[in-house]
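data05.txt (compact mmCIF, C-alpha atoms) appears below.
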```txt
# COMPACT_ATOMS: atom_id res chain seq x y z
CA MET G 5 16.69 -12.71 5.14
CA ALA G 6 15.44 -16.15 6.15
CA LYS G 7 15.56 -18.62 3.30
CA VAL G 8 12.47 -20.64 2.51
CA HIS G 9 12.61 -24.39 2.03
CA VAL G 10 10.64 -25.50 -1.04
CA THR G 11 9.68 -29.06 -1.99
CA THR G 12 8.55 -29.47 -5.55
CA THR G 13 8.77 -31.74 -8.60
CA ILE G 14 10.91 -30.69 -11.54
CA ASN G 15 10.81 -32.69 -14.76
CA GLY G 16 9.29 -35.59 -12.85
CA GLU G 17 11.98 -35.66 -10.15
CA PRO G 18 11.24 -34.66 -6.54
CA MET G 19 13.37 -31.64 -5.70
CA GLU G 20 14.08 -29.51 -2.68
CA PHE G 21 15.73 -26.14 -2.67
CA LEU G 22 16.24 -23.02 -0.57
CA CYS G 23 15.31 -19.59 -1.86
CA GLU G 24 14.59 -16.03 -0.79
CA PRO G 25 10.87 -15.25 -0.60
CA ASN G 26 11.18 -12.77 -3.47
CA ASP G 27 13.25 -15.02 -5.76
CA THR G 28 11.49 -15.86 -8.99
CA MET G 29 11.23 -19.43 -10.24
CA LEU G 30 13.71 -18.39 -12.92
CA ASP G 31 16.19 -17.25 -10.24
CA ALA G 32 15.86 -20.63 -8.50
CA LEU G 33 16.16 -22.64 -11.71
CA ARG G 34 19.22 -20.80 -12.97
CA GLY G 35 20.69 -20.44 -9.48
CA SER G 36 20.69 -23.20 -6.89
CA LEU G 37 18.99 -25.75 -9.16
CA ASN G 38 21.56 -25.19 -11.91
CA LEU G 39 19.00 -25.66 -14.67
CA THR G 40 20.23 -22.92 -16.97
CA GLY G 41 18.27 -23.88 -20.08
CA SER G 42 15.56 -21.34 -19.19
CA LYS G 43 16.89 -17.92 -20.18
CA GLU G 44 16.36 -14.48 -18.74
CA GLY G 45 15.51 -12.00 -21.46
CA CYS G 46 13.36 -9.19 -20.13
CA ALA G 47 12.52 -10.39 -16.58
CA SER G 48 9.11 -8.77 -16.97
CA GLY G 49 7.02 -11.38 -18.79
CA ASP G 50 7.33 -9.83 -22.23
CA CYS G 51 9.84 -12.05 -24.06
CA GLY G 52 9.00 -15.67 -23.15
CA ALA G 53 12.64 -16.82 -23.01
CA CYS G 54 12.05 -18.22 -19.51
CA SER G 55 8.90 -20.22 -20.45
CA ILE G 56 8.26 -23.32 -18.36
CA THR G 57 5.13 -25.19 -17.40
CA LEU G 58 3.65 -25.16 -13.91
CA ASP G 59 1.12 -28.00 -13.54
CA ASP G 60 1.09 -28.22 -17.36
CA GLN G 61 0.27 -24.51 -17.68
CA LEU G 62 2.65 -22.48 -19.82
CA VAL G 63 4.02 -19.57 -17.77
CA CYS G 64 6.96 -17.19 -17.68
CA SER G 65 9.17 -18.39 -14.85
CA CYS G 66 10.20 -14.78 -14.23
CA LEU G 67 6.59 -14.05 -13.24
CA VAL G 68 6.31 -16.92 -10.75
CA LEU G 69 7.79 -16.78 -7.26
CA ALA G 70 10.01 -19.77 -6.54
CA VAL G 71 8.06 -20.37 -3.31
CA GLU G 72 4.89 -20.79 -5.37
CA SER G 73 6.25 -24.02 -6.84
CA GLU G 74 5.80 -25.77 -3.47
CA GLY G 75 3.86 -28.96 -4.10
CA HIS G 76 3.47 -28.31 -7.83
CA GLN G 77 4.82 -29.89 -11.00
CA VAL G 78 7.44 -27.86 -12.84
CA ARG G 79 8.64 -28.76 -16.30
CA THR G 80 11.60 -27.03 -17.97
CA ILE G 81 13.44 -27.35 -21.27
CA GLU G 82 15.77 -29.86 -19.56
CA GLY G 83 12.82 -32.26 -19.39
CA LEU G 84 11.77 -31.98 -23.03
CA ALA G 85 14.12 -34.54 -24.58
CA ASP G 86 13.74 -38.21 -23.68
CA GLY G 87 17.25 -38.87 -22.37
CA GLU G 88 19.56 -38.57 -25.39
CA LYS G 89 16.62 -38.63 -27.81
CA LEU G 90 15.56 -35.14 -28.80
CA HIS G 91 11.90 -34.19 -28.74
CA PRO G 92 10.46 -33.96 -32.29
CA LEU G 93 10.27 -30.17 -31.92
CA GLN G 94 13.95 -29.97 -30.97
CA GLN G 95 14.90 -32.21 -33.89
CA LYS G 96 12.84 -30.15 -36.32
CA PHE G 97 14.20 -26.84 -35.04
CA LEU G 98 17.70 -28.15 -35.81
CA GLU G 99 16.80 -29.55 -39.23
CA MET G 100 14.95 -26.43 -40.33
CA ALA G 101 17.39 -23.93 -38.79
CA ALA G 102 14.66 -22.45 -36.62
CA LEU G 103 17.24 -20.85 -34.35
CA GLN G 104 20.24 -18.64 -34.66
CA CYS G 105 21.59 -17.20 -31.42
CA GLY G 106 19.51 -19.60 -29.33
CA ILE G 107 18.44 -17.33 -26.48
CA CYS G 108 14.76 -17.61 -27.36
CA THR G 109 14.92 -21.27 -28.32
CA SER G 110 14.16 -23.01 -25.05
CA GLY G 111 11.17 -20.74 -24.50
CA MET G 112 10.01 -21.26 -28.09
CA LEU G 113 10.24 -25.02 -27.62
CA MET G 114 8.37 -25.02 -24.31
CA ALA G 115 5.63 -22.79 -25.74
CA SER G 116 5.37 -24.85 -28.93
CA ASP G 117 5.18 -28.07 -26.95
CA ALA G 118 2.36 -26.61 -24.83
CA LEU G 119 0.53 -25.61 -28.02
CA LEU G 120 0.84 -29.03 -29.68
CA LYS G 121 -0.40 -30.75 -26.53
CA ARG G 122 -3.58 -28.64 -26.68
CA SER G 123 -3.90 -28.41 -30.42
CA PRO G 124 -2.18 -31.14 -32.45
CA ASP G 125 -3.29 -29.63 -35.79
CA PRO G 126 -2.85 -25.86 -35.41
CA SER G 127 -3.29 -23.38 -38.25
CA GLU G 128 -0.41 -21.08 -39.06
CA GLU G 129 -2.39 -18.21 -37.55
CA GLU G 130 -2.88 -20.20 -34.34
CA VAL G 131 0.86 -20.90 -34.12
CA ARG G 132 1.71 -17.24 -34.68
CA PHE G 133 -0.76 -16.02 -32.07
CA TRP G 134 0.30 -18.70 -29.60
CA LEU G 135 3.97 -17.72 -29.96
CA ALA G 136 3.25 -13.97 -29.77
CA GLY G 137 4.69 -13.99 -26.24
CA ASN G 138 8.01 -15.42 -27.40
CA LEU G 139 10.30 -12.84 -28.92
CA CYS G 140 13.04 -13.75 -31.37
CA ARG G 141 15.35 -11.10 -32.76
CA CYS G 142 17.19 -13.35 -35.23
CA THR G 143 14.96 -15.55 -37.32
CA GLY G 144 12.07 -13.34 -38.32
CA TYR G 145 9.84 -16.12 -36.95
CA ASP G 146 9.06 -17.80 -40.30
CA LYS G 147 11.44 -20.69 -39.78
CA ILE G 148 10.14 -21.22 -36.25
CA VAL G 149 6.52 -21.23 -37.37
CA ARG G 150 7.32 -23.65 -40.22
CA ALA G 151 9.23 -25.94 -37.87
CA VAL G 152 6.29 -26.06 -35.46
CA MET G 153 3.81 -26.74 -38.30
CA ASP G 154 6.06 -29.49 -39.71
CA THR G 155 6.55 -31.08 -36.30
CA ALA G 156 2.80 -31.07 -35.73
CA ALA G 157 2.23 -32.80 -39.09
CA GLU G 158 4.93 -35.35 -38.32
CA MET G 159 3.58 -36.09 -34.84
CA ARG G 160 0.05 -36.49 -36.19
CA ALA G 161 1.30 -39.02 -38.76
CA GLN G 162 2.87 -41.20 -36.08
CA MET V 20 16.45 -4.64 2.72
CA THR V 21 13.06 -5.22 4.29
CA GLU V 22 12.21 -8.77 5.22
CA LEU V 23 9.60 -10.18 2.87
CA ARG V 24 7.24 -12.87 4.07
CA TYR V 25 5.28 -15.12 1.70
CA LEU V 26 2.01 -16.57 2.98
CA ALA V 27 -0.27 -18.97 1.13
CA PRO V 28 -3.31 -19.48 3.37
CA ALA V 29 -5.84 -22.20 2.58
CA THR V 30 -8.86 -20.23 3.78
CA LEU V 31 -10.23 -16.78 3.11
CA ASP V 32 -10.48 -15.99 6.82
CA GLU V 33 -6.77 -16.68 7.30
CA ALA V 34 -5.94 -14.59 4.24
CA ILE V 35 -7.98 -11.64 5.48
CA GLY V 36 -6.45 -11.92 8.96
CA ALA V 37 -2.91 -11.91 7.56
CA PHE V 38 -3.63 -9.22 4.98
CA ALA V 39 -5.31 -6.86 7.45
CA LYS V 40 -2.62 -7.42 10.08
CA ALA V 41 0.19 -6.54 7.69
CA GLY V 42 -1.52 -3.27 6.73
CA SER V 43 -0.13 -1.20 3.89
CA ALA V 44 2.99 -3.38 3.61
CA ALA V 45 0.92 -6.29 2.31
CA ARG V 46 0.12 -7.18 -1.26
CA ILE V 47 -2.23 -9.82 -2.65
CA LEU V 48 -0.68 -12.27 -5.11
CA ALA V 49 -3.03 -13.81 -7.67
CA GLY V 50 -1.32 -14.31 -11.05
CA GLY V 51 1.54 -11.98 -10.17
CA THR V 52 1.88 -10.64 -13.71
CA ASP V 53 1.68 -7.07 -12.45
CA LEU V 54 2.94 -7.54 -8.89
CA LEU V 55 6.20 -9.32 -9.73
CA VAL V 56 7.03 -6.76 -12.41
CA GLN V 57 6.40 -3.91 -9.96
CA MET V 58 8.58 -5.62 -7.34
CA ARG V 59 11.34 -6.28 -9.83
CA SER V 60 11.40 -2.69 -11.04
CA GLY V 61 11.58 -1.43 -7.45
CA ILE V 62 8.24 0.45 -7.62
CA LEU V 63 6.94 -1.79 -4.86
CA LYS V 64 8.66 -3.36 -1.86
CA PRO V 65 5.99 -5.34 -0.03
CA GLY V 66 6.66 -6.72 3.45
CA VAL V 67 4.10 -9.50 3.14
CA ILE V 68 2.73 -11.29 0.11
CA VAL V 69 -0.55 -13.14 0.56
CA ASP V 70 -0.96 -15.72 -2.21
CA ILE V 71 -4.71 -16.36 -2.60
CA LYS V 72 -4.50 -19.25 -5.08
CA LYS V 73 -4.72 -21.96 -2.41
CA ILE V 74 -8.19 -20.71 -1.42
CA PRO V 75 -10.69 -22.78 -3.43
CA GLU V 76 -13.27 -19.99 -3.75
CA MET V 77 -10.68 -17.78 -5.45
CA THR V 78 -9.90 -20.20 -8.28
CA GLN V 79 -13.33 -21.64 -9.09
CA ILE V 80 -15.72 -20.92 -11.95
CA GLU V 81 -19.23 -21.87 -10.92
CA PRO V 82 -22.63 -21.57 -12.53
CA THR V 83 -24.95 -19.86 -10.02
CA ALA V 84 -28.46 -21.03 -9.11
CA ASP V 85 -30.09 -18.19 -11.07
CA GLY V 86 -28.24 -19.12 -14.28
CA GLY V 87 -25.31 -16.72 -13.97
CA PHE V 88 -21.66 -17.36 -13.22
CA ARG V 89 -19.43 -16.79 -10.23
CA ILE V 90 -15.74 -16.40 -11.13
CA GLY V 91 -13.10 -16.48 -8.41
CA ALA V 92 -10.87 -13.41 -8.35
CA ALA V 93 -7.72 -15.46 -9.10
CA VAL V 94 -9.14 -17.55 -11.99
CA SER V 95 -6.62 -17.30 -14.85
CA GLY V 96 -7.53 -16.26 -18.36
CA MET V 97 -6.61 -19.70 -19.62
CA ALA V 98 -8.86 -21.40 -17.05
CA LEU V 99 -11.74 -19.19 -18.15
CA HIS V 100 -10.96 -19.97 -21.80
CA ASP V 101 -10.93 -23.69 -21.11
CA HIS V 102 -14.26 -23.65 -19.25
CA LYS V 103 -16.80 -25.60 -21.26
CA ASN V 104 -19.53 -22.99 -21.64
CA PHE V 105 -18.48 -19.69 -20.10
CA GLY V 106 -17.35 -18.37 -23.48
CA LYS V 107 -20.64 -19.30 -25.10
CA VAL V 108 -22.61 -17.22 -22.59
CA TRP V 109 -20.14 -14.34 -22.18
CA PRO V 110 -17.97 -14.24 -25.34
CA GLY V 111 -17.19 -10.55 -24.85
CA VAL V 112 -15.95 -10.97 -21.29
CA LEU V 113 -13.88 -13.95 -22.38
CA GLU V 114 -12.31 -12.17 -25.37
CA ALA V 115 -11.46 -9.21 -23.15
CA VAL V 116 -9.81 -11.37 -20.48
CA ASN V 117 -7.96 -13.32 -23.16
CA LEU V 118 -6.48 -10.12 -24.64
CA ILE V 119 -4.38 -9.57 -21.52
CA GLY V 120 -0.80 -10.40 -22.48
CA SER V 121 0.64 -13.52 -24.02
CA LYS V 122 -0.36 -17.18 -23.57
CA GLN V 123 2.22 -17.33 -20.81
CA VAL V 124 0.58 -14.37 -19.08
CA GLN V 125 -2.86 -15.92 -19.68
CA GLY V 126 -1.74 -18.94 -17.69
CA ARG V 127 -1.48 -16.73 -14.61
CA ALA V 128 -3.23 -13.37 -15.04
CA SER V 129 -6.73 -12.99 -13.60
CA ALA V 130 -9.68 -10.65 -14.05
CA GLY V 131 -9.43 -9.94 -10.32
CA GLY V 132 -5.85 -8.77 -10.65
CA ASN V 133 -6.69 -6.77 -13.74
CA LEU V 134 -9.41 -4.93 -11.81
CA CYS V 135 -7.39 -4.40 -8.61
CA ASN V 136 -4.29 -3.24 -10.48
CA GLY V 137 -6.41 -0.18 -11.19
CA SER V 138 -5.19 0.53 -14.70
CA PRO V 139 -7.68 2.62 -16.68
CA ALA V 140 -6.65 0.49 -19.69
CA GLY V 141 -7.23 -2.97 -18.17
CA ASP V 142 -8.93 -4.96 -20.94
CA SER V 143 -11.25 -7.09 -18.85
CA VAL V 144 -12.76 -4.15 -16.95
CA PRO V 145 -14.93 -2.50 -19.66
CA ALA V 146 -16.28 -5.93 -20.59
CA MET V 147 -17.10 -6.72 -16.96
CA VAL V 148 -18.77 -3.30 -16.61
CA ALA V 149 -20.84 -3.98 -19.74
CA ALA V 150 -21.73 -7.39 -18.35
CA GLY V 151 -23.11 -5.82 -15.19
CA ALA V 152 -20.77 -7.87 -13.04
CA VAL V 153 -20.93 -7.43 -9.28
CA VAL V 154 -17.87 -8.19 -7.15
CA THR V 155 -17.78 -9.63 -3.67
CA VAL V 156 -15.09 -8.23 -1.41
CA GLN V 157 -14.31 -9.42 2.07
CA GLY V 158 -12.41 -7.70 4.83
CA PRO V 159 -12.10 -7.64 8.61
CA ASN V 160 -15.64 -6.22 8.82
CA GLY V 161 -17.22 -8.91 6.65
CA ARG V 162 -18.44 -9.21 3.12
CA ARG V 163 -19.95 -6.61 0.83
CA GLU V 164 -20.83 -6.32 -2.82
CA LEU V 165 -19.82 -3.61 -5.27
CA LYS V 166 -20.62 -2.98 -8.91
CA VAL V 167 -17.47 -3.47 -10.99
CA GLU V 168 -17.61 0.13 -12.17
CA ASP V 169 -17.46 1.29 -8.55
CA VAL V 170 -14.18 -0.54 -7.82
CA PRO V 171 -11.59 1.65 -9.60
CA ALA V 172 -10.88 4.96 -7.86
CA GLY V 173 -8.18 6.27 -10.19
CA PRO V 174 -5.02 5.06 -11.88
CA GLY V 175 -3.56 2.37 -9.60
CA ARG V 176 -6.20 2.90 -6.90
CA THR V 177 -9.41 1.10 -5.92
CA ASN V 178 -12.31 1.73 -3.54
CA LEU V 179 -11.50 -1.40 -1.54
CA LYS V 180 -11.05 -0.53 2.12
CA PRO V 181 -7.85 -1.40 4.00
CA GLY V 182 -7.72 -5.14 4.59
CA GLU V 183 -10.37 -5.96 1.98
CA ILE V 184 -9.70 -8.63 -0.62
CA LEU V 185 -11.56 -9.08 -3.91
CA VAL V 186 -13.13 -12.55 -3.75
CA SER V 187 -15.19 -13.06 -6.89
CA PHE V 188 -17.18 -11.66 -9.80
CA ALA V 189 -20.86 -12.53 -10.17
CA LEU V 190 -22.20 -12.31 -13.71
CA PRO V 191 -25.99 -12.17 -14.06
CA PRO V 192 -28.13 -14.72 -15.89
CA ARG V 193 -28.62 -14.10 -19.59
CA PRO V 194 -32.08 -13.68 -21.11
CA ALA V 195 -32.59 -15.18 -24.60
CA GLY V 196 -31.20 -12.98 -27.36
CA SER V 197 -28.33 -11.65 -25.27
CA SER V 198 -24.63 -11.42 -26.04
CA ASP V 199 -21.62 -9.20 -25.60
CA ALA V 200 -18.39 -8.13 -27.26
CA TYR V 201 -15.17 -6.28 -26.48
CA LEU V 202 -12.89 -4.44 -28.87
CA ARG V 203 -9.79 -2.45 -28.15
CA MET V 204 -7.72 -0.19 -30.34
CA ILE V 205 -4.01 -0.90 -30.29
CA PRO V 206 -1.40 0.16 -32.85
CA ARG V 207 -0.23 -3.44 -33.33
CA THR V 208 -2.08 -6.74 -33.63
CA GLU V 209 -1.28 -8.38 -30.30
CA MET V 210 0.36 -7.86 -26.91
CA ASP V 211 -0.27 -4.18 -26.38
CA ILE V 212 -2.08 -1.82 -24.02
CA ALA V 213 -5.46 -0.44 -25.08
CA VAL V 214 -5.59 3.09 -26.47
CA VAL V 215 -9.37 2.75 -26.21
CA GLY V 216 -11.38 -0.31 -25.11
CA VAL V 217 -15.14 -0.75 -25.48
CA GLY V 218 -17.35 -3.47 -24.02
CA VAL V 219 -20.98 -3.76 -25.13
CA SER V 220 -23.63 -6.11 -23.79
CA LEU V 221 -27.00 -6.32 -25.58
CA THR V 222 -30.32 -8.10 -25.32
CA ILE V 223 -32.27 -8.07 -28.57
CA LYS V 224 -35.92 -9.14 -28.97
CA ASP V 225 -37.55 -9.20 -32.42
CA GLY V 226 -34.78 -6.97 -33.77
CA THR V 227 -35.13 -4.31 -31.08
CA VAL V 228 -32.60 -3.73 -28.31
CA THR V 229 -34.34 -4.26 -24.97
CA ALA V 230 -31.28 -3.99 -22.72
CA ALA V 231 -27.79 -2.57 -23.21
CA ARG V 232 -24.73 -1.71 -21.18
CA VAL V 233 -21.56 -0.02 -22.40
CA GLY V 234 -18.18 -0.01 -20.67
CA LEU V 235 -15.42 2.30 -21.88
CA GLY V 236 -11.73 1.96 -21.01
CA ALA V 237 -8.45 3.87 -21.39
CA VAL V 238 -10.09 7.24 -21.94
CA ALA V 239 -10.48 8.49 -18.35
CA PRO V 240 -8.83 8.00 -14.94
CA THR V 241 -11.12 4.99 -14.44
CA VAL V 242 -13.07 2.65 -16.70
CA LEU V 243 -16.51 4.19 -17.30
CA LEU V 244 -20.07 2.92 -17.49
CA VAL V 245 -21.59 5.01 -20.30
CA GLU V 246 -25.29 5.11 -19.51
CA ASP V 247 -26.10 7.63 -22.23
CA ALA V 248 -24.71 5.29 -24.86
CA ALA V 249 -26.82 2.43 -23.51
CA LYS V 250 -29.93 4.67 -23.50
CA ALA V 251 -29.32 5.54 -27.15
CA LEU V 252 -29.24 1.85 -28.06
CA ILE V 253 -32.20 0.67 -25.97
CA GLY V 254 -35.41 0.69 -27.97
CA SER V 255 -33.56 1.00 -31.27
CA LYS V 256 -32.98 -1.52 -34.02
CA LEU V 257 -29.31 -0.47 -34.01
CA ASP V 258 -30.00 1.83 -36.94
CA ASP V 259 -27.43 4.39 -38.01
CA ALA V 260 -29.06 7.22 -36.06
CA ALA V 261 -29.07 5.24 -32.79
CA LEU V 262 -25.48 4.09 -33.31
CA ALA V 263 -24.36 7.65 -34.09
CA LYS V 264 -26.04 8.89 -30.91
CA ALA V 265 -24.43 6.12 -28.82
CA ALA V 266 -21.04 6.81 -30.42
CA ALA V 267 -21.39 10.51 -29.63
CA ALA V 268 -22.25 9.61 -26.01
CA CYS V 269 -19.03 7.55 -25.77
CA SER V 270 -16.95 10.38 -27.20
CA ALA V 271 -18.63 12.83 -24.84
CA ALA V 272 -17.81 10.61 -21.85
CA CYS V 273 -14.08 10.63 -22.65
CA ARG V 274 -11.72 12.52 -20.37
CA PRO V 275 -8.49 11.10 -21.79
CA ILE V 276 -4.87 12.05 -21.54
CA ASP V 277 -2.38 12.74 -24.31
CA ASP V 278 0.38 10.17 -24.21
CA LYS V 279 2.69 8.19 -26.46
CA ARG V 280 -0.10 5.80 -27.39
CA GLY V 281 -2.72 8.33 -28.44
CA THR V 282 -3.80 11.94 -28.29
CA ILE V 283 -6.94 13.28 -26.61
CA ALA V 284 -8.55 13.97 -30.00
CA TYR V 285 -7.70 10.52 -31.33
CA ARG V 286 -8.97 8.64 -28.29
CA THR V 287 -12.18 10.66 -28.24
CA LYS V 288 -12.91 9.88 -31.88
CA VAL V 289 -11.93 6.21 -31.64
CA ALA V 290 -14.22 5.70 -28.61
CA GLY V 291 -17.21 6.43 -30.87
CA VAL V 292 -15.93 4.34 -33.76
CA LEU V 293 -15.27 1.35 -31.52
CA LEU V 294 -18.73 1.63 -29.93
CA LYS V 295 -20.34 1.10 -33.34
CA ARG V 296 -18.08 -1.82 -34.22
CA THR V 297 -18.45 -3.50 -30.85
CA ALA V 298 -22.23 -3.12 -30.82
CA ALA V 299 -22.37 -4.71 -34.28
CA ILE V 300 -20.43 -7.77 -33.07
CA ALA V 301 -22.54 -8.10 -29.92
CA ALA V 302 -25.73 -7.83 -32.00
CA LYS V 303 -24.55 -10.45 -34.45
CA ARG V 304 -23.83 -12.83 -31.58
CA ALA V 305 -27.09 -12.05 -29.79
CA THR V 306 -29.22 -12.72 -32.86
CA GLY V 307 -27.14 -15.60 -34.18
CA LYS V 308 -26.84 -13.82 -37.56
```
Mind turning this structure into structure tokens?
Amino acid sequence: MAKVHVTTTINGEPMEFLCEPNDTMLDALRGSLNLTGSKEGCASGDCGACSITLDDQLVCSCLVLAVESEGHQVRTIEGLADGEKLHPLQQKFLEMAALQCGICTSGMLMASDALLKRSPDPSEEEVRFWLAGNLCRCTGYDKIVRAVMDTAAEMRAQ
Amino acid sequence: MTELRYLAPATLDEAIGAFAKAGSAARILAGGTDLLVQMRSGILKPGVIVDIKKIPEMTQIEPTADGGFRIGAAVSGMALHDHKNFGKVWPGVLEAVNLIGSKQVQGRASAGGNLCNGSPAGDSVPAMVAAGAVVTVQGPNGRRELKVEDVPAGPGRTNLKPGEILVSFALPPRPAGSSDAYLRMIPRTEMDIAVVGVGVSLTIKDGTVTAARVGLGAVAPTVLLVEDAAKALIGSKLDDAALAKAAAACSAACRPIDDKRGTIAYRTKVAGVLLKRTAAIAAKRATGK
């Protein structure tokens, strides 16, 4: 099968890669781009572990074809921290033990970041509904929700 | 393995040319939230994918000259949500579209895809039927219009002809005192497939219903327009007798299946219950009370 050449921007950096036409964005990220922070859970858009943003829109990278990223802006978990400085959400997830096995974490962080960009002062209900597409089998969600609420409060205070 | 080609034409004419030429091997890609899952699971092995999101008409939300809206077939749920006044005019259509999947899915999934996927349980479809939406489709033989309720042909099938692509939904202008609502029954609170879905659109003048449409989903091979339920509501003040009659009409329209999500008896009963609840929400919105 002829590979397709894709030119895109990932975490602010211009990138080029080759992919099969039916490769998902997640396949490309975890494969030739070697950005393995996005995880494959279900590969059917149910679990959110592969959450990224495409032109600032939160999406499951398993439900996007890699070829669709041509000319668009992709942001992954690898672009969340500012160099060595963790994003406030990452810092808070660590402090409040909002993760255990970690498979869901990058998706949770990307989804939470997208929420706080839209809604800097979310209610608990809003956080829970927003994260309904991110499954976690370890934490029971409470610690994650509290970490997002605390981060939001901290970011508003700054 | 069959060679797959991905095309992302910038114009509708190019898309129709490519889609028609590829015949039954071709699939339209809007949000991809159904298509990619079907490809992944091996149900579908398309030879050509025509991505319609680079065609401006497919991704625009426009107010029409007569006071209605035109929504491109590939407009995502999130884009519709973020539109400044669509949700004020059509809150029921918006809540139905926004019930499809997670926020991640909302970033991609479209009402056009929901309709063309042909699921009897698609959430946006009963609301669009209640709204009286008309779709524009275009194919090698030109454009035509269809009522939304005439699009589904059965589970997974539509009445679009070979080579035809769904272009947009047109929603009519709203007279004063109009609103709509959509409710679905699911066993959990979020992220599930409707056991029953009901869309109701009402116009109320001086407390009396002057216009009504009812769309009913997940209880028959296709989403249904329930004219008898609308007739029972029109002319009434949404009193108990009128609501009971409309609910009975919804139950009578049901031709459901027994499956893991609900039995025939359960779906038939719930269709009536949801009609009453949905009408109450639509009425509250229409009258501002």
| query | Excluding same-chain residues fewer than 2 positions from Gly254 of chain V, what lies within 10 Å of it counting all atoms listed in the file, as a PyMOL selection string? | reply | chain V and resi 223-224+226-231+249-252+256-257+261
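Near chain G, counting all atoms listed in the file at 7 Å, the chain V residues are Glu22, Leu23, Arg24, Tyr25, Gly51, Thr52, Leu55, Val56, Ser121, Lys122, Gln123, Val124, Gly126 and Arg127 of chain V.
Taking all atoms listed in the file into account, those protein, DNA and RNA residues with any atom at most 6 Å away from (-19.8, -6.2, -8.5) amount to Ala152, Val153, Val154, Glu164, Leu165, Lys166 and Val167 of chain V.
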| task | For atom CA of Val78 of chain G and atom CA of Thr109 of chain G, determine how far apart the two atoms are, in Å to one decimal place. | result | 18.4 Å
| Residue contacts of Glu74 of chain G (10 Å, all atoms listed in the file) excluding same-chain residues fewer than 2 positions away, as a PyMOL selection string | chain G and resi 9-13+19-21+69-72+76-78
| remark: The distance between atom CA of Asp101 of chain V and atom CA of Ser143 of chain V is 16.8 Å
